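Engineer: To start, I am sharing the structure in question, which I have written as structure tokens.
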Amino acid sequence: MGERIYGYHAIEEGLKKARSGSTLYVERGGSERLRRLIFQAECTGKVAVKKVSREELEKMCPGVDLRGALLDLGGPRTGASRLIERSVDEFLSSLKEEDGALVLILDGITDPHNLGAILRSADQFSVDLVIIPERRSVQANETVIKVSSGSAQYVPLSVSTNLSREIEKLKANGFWVYAADMDGERSYGLEFSHRTVLVMGSEGKGISPLIRKNSDYVVSIPMSGHIDSLNVSVATGILLYEFRSKER
């Protein structure tokens, strides 16, 4: 098998980009929802449809609840190949002098469910580039694609060997860097730059000291509940909304 996608919404989006040689495996006697996937696959003219038993389907991806369908995109499995890969240099060279942009840096997210949810928010709030580290971070996988409901396939992603170096490149091109931390300035009263880098830290340790030092601002989300922190994917969505709501 090649690259695999499961989850109804993720498959639905995957079919829009599927190439020749892809196969949609569907459980025999499936629901109306699955029949709609079959129809969409047949309309592409590129995706073969194979109806199999539940047992056959489960053997293709053991231990995963496939909900009756699995999309095999064909070709070798290469981790993040389903996403739009783009280097920071390529991204910067594509910007015109007057262009604003929003870049999201994820400093060591380790939970694929968090990364998937963040990429879904990144798509909804039109993030121009997401940067993740090559090491000590979850990479794109089937779970990330599923949790993002297919949104991950529309978000440009850069995998970096050195986040601090990428930050320096961005700052040299007019970006201001805002690192999220509980001790930072209230985000509600802050005006973001038209070229903004938002940095979110890992689930446990937060943002690394070096990246915090290289940031222009440290921002926080005011809270009044009984728990003193938010899940990183929720916090990311709130801050992305804050940026878009203050655009002029």
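Residue numbers start at 1 in each chain; chains themselves are named A, B, ... in the order of the structure tokens; ligands are numbered from 1 in the order shown.
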Stretch 126-137 of chain A: which residues within 8 Å, counting only C-alpha atoms, same-chain residues fewer than 4 positions away excluded, as a list in words?

Structural biologist: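 Selected residues are Phe91, Ala101, Leu102, Val103, Leu104, Ile105, Leu106, Asp107, Gly108, Ile109, Thr110, Ala122, Val155, Pro156, Leu157, Ser158, Val159, Ser160, Thr161, Asn162 and Leu163 of chain A.
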
Engineer: Could you give me, as a PyMOL selection string, the residues within 12 Å of A:Phe243, counting only C-alpha atoms and dropping anything in the same chain fewer than 3 positions from it?

Structural biologist: chain A and resi 100-104+122+125-127+178+187-198+219+236-240+246-248

Engineer: Go ahead and save the picked residues with N, CA and C atoms, as a compact mmCIF listing (two decimals), in the first residue's frame.

Structural biologist:
```
# COMPACT_ATOMS: atom_id res chain seq x y z
N GLY A 100 1.30 41.26 3.28
CA GLY A 100 1.28 40.80 4.65
C GLY A 100 1.23 39.28 4.66
N ALA A 101 1.50 38.68 5.80
CA ALA A 101 1.48 37.22 5.87
C ALA A 101 1.41 36.77 7.33
N LEU A 102 0.90 35.57 7.52
CA LEU A 102 0.80 34.95 8.84
C LEU A 102 1.49 33.60 8.82
N VAL A 103 2.53 33.47 9.65
CA VAL A 103 3.29 32.22 9.75
C VAL A 103 3.09 31.65 11.15
N LEU A 104 2.90 30.35 11.23
CA LEU A 104 2.72 29.66 12.51
C LEU A 104 3.88 28.70 12.72
N ALA A 122 -5.43 26.26 11.16
CA ALA A 122 -4.56 26.99 10.23
C ALA A 122 -5.21 27.16 8.87
N PHE A 125 -8.16 29.77 9.23
CA PHE A 125 -7.74 31.17 9.40
C PHE A 125 -6.66 31.57 8.40
N SER A 126 -6.53 30.81 7.33
CA SER A 126 -5.66 31.16 6.20
C SER A 126 -4.23 31.45 6.61
N VAL A 127 -3.64 30.55 7.38
CA VAL A 127 -2.23 30.67 7.71
C VAL A 127 -1.41 30.42 6.44
N TYR A 178 5.72 36.70 17.66
CA TYR A 178 4.91 36.71 18.88
C TYR A 178 4.89 35.29 19.45
N SER A 187 -3.21 39.30 24.91
CA SER A 187 -3.37 39.34 23.45
C SER A 187 -4.52 40.24 23.03
N TYR A 188 -5.52 40.42 23.88
CA TYR A 188 -6.72 41.18 23.52
C TYR A 188 -6.41 42.63 23.18
N GLY A 189 -5.40 43.21 23.82
CA GLY A 189 -5.11 44.62 23.58
C GLY A 189 -3.93 44.83 22.66
N LEU A 190 -3.47 43.79 22.00
CA LEU A 190 -2.25 43.86 21.21
C LEU A 190 -2.56 44.04 19.73
N GLU A 191 -1.80 44.91 19.09
CA GLU A 191 -1.89 45.07 17.64
C GLU A 191 -0.80 44.23 16.99
N PHE A 192 -1.20 43.32 16.14
CA PHE A 192 -0.23 42.47 15.45
C PHE A 192 0.34 43.17 14.23
N SER A 193 1.55 42.81 13.86
CA SER A 193 2.17 43.32 12.64
C SER A 193 1.48 42.73 11.42
N HIS A 194 1.57 43.42 10.27
CA HIS A 194 0.96 42.87 9.05
C HIS A 194 1.74 41.65 8.56
N ARG A 195 2.97 41.51 9.04
CA ARG A 195 3.74 40.28 8.83
C ARG A 195 4.02 39.70 10.21
N THR A 196 3.29 38.66 10.54
CA THR A 196 3.33 38.10 11.89
C THR A 196 3.77 36.65 11.89
N VAL A 197 4.63 36.32 12.85
CA VAL A 197 4.97 34.93 13.16
C VAL A 197 4.40 34.63 14.55
N LEU A 198 3.55 33.64 14.65
CA LEU A 198 3.01 33.19 15.93
C LEU A 198 3.68 31.88 16.30
N VAL A 219 3.05 36.80 24.31
CA VAL A 219 1.63 37.09 24.45
C VAL A 219 0.92 35.97 25.21
N THR A 236 -4.08 27.91 20.11
CA THR A 236 -3.67 28.33 18.77
C THR A 236 -4.84 28.91 18.00
N GLY A 237 -5.98 28.23 18.05
CA GLY A 237 -7.17 28.72 17.36
C GLY A 237 -7.59 30.10 17.85
N ILE A 238 -7.52 30.33 19.15
CA ILE A 238 -7.90 31.62 19.72
C ILE A 238 -6.97 32.73 19.22
N LEU A 239 -5.66 32.47 19.23
CA LEU A 239 -4.70 33.49 18.81
C LEU A 239 -4.75 33.74 17.31
N LEU A 240 -5.03 32.71 16.53
CA LEU A 240 -5.19 32.92 15.08
C LEU A 240 -6.41 33.81 14.83
N LYS A 246 -8.08 41.49 13.93
CA LYS A 246 -7.47 42.81 14.05
C LYS A 246 -6.83 43.28 12.75
N GLU A 247 -7.01 42.53 11.68
CA GLU A 247 -6.46 42.94 10.40
C GLU A 247 -7.17 44.22 9.92
N ARG A 248 -6.40 45.05 9.29
CA ARG A 248 -6.98 46.28 8.74
C ARG A 248 -7.08 46.18 7.22
```

Engineer: Can you work out which one of A:Ala18, A:Val218, A:Asp89, A:Leu73 has the shortest atom-to-atom distance to A:Cys43, counting only C-alpha atoms?

Structural biologist: A:Ala18

Engineer: DSSP on the backbone: what in stretch 11-216 of chain A comes out alpha helix (DSSP H), as JSON, numbers by chain?

Structural biologist: {"A": [11, 12, 13, 14, 15, 16, 17, 32, 33, 34, 35, 36, 37, 38, 39, 40, 41, 42, 43, 44, 54, 55, 56, 57, 58, 59, 60, 88, 89, 90, 91, 92, 93, 94, 112, 113, 114, 115, 116, 117, 118, 119, 120, 121, 122, 123, 124, 142, 143, 144, 145, 146, 147, 163, 164, 165, 166, 167, 168, 169, 170, 171, 172, 209, 210, 211, 212, 213]}

Engineer: So which residues of stretch 133-187 of chain A fall under strand (DSSP E or B) by DSSP, listed as a list in words?

Structural biologist: Pro133, Pro156, Leu157, Ser158, Val159, Ser160, Trp176, Val177, Tyr178, Ala179, Ala180, Asp181, Met182, Asp183, Gly184, Glu185 and Arg186 of chain A
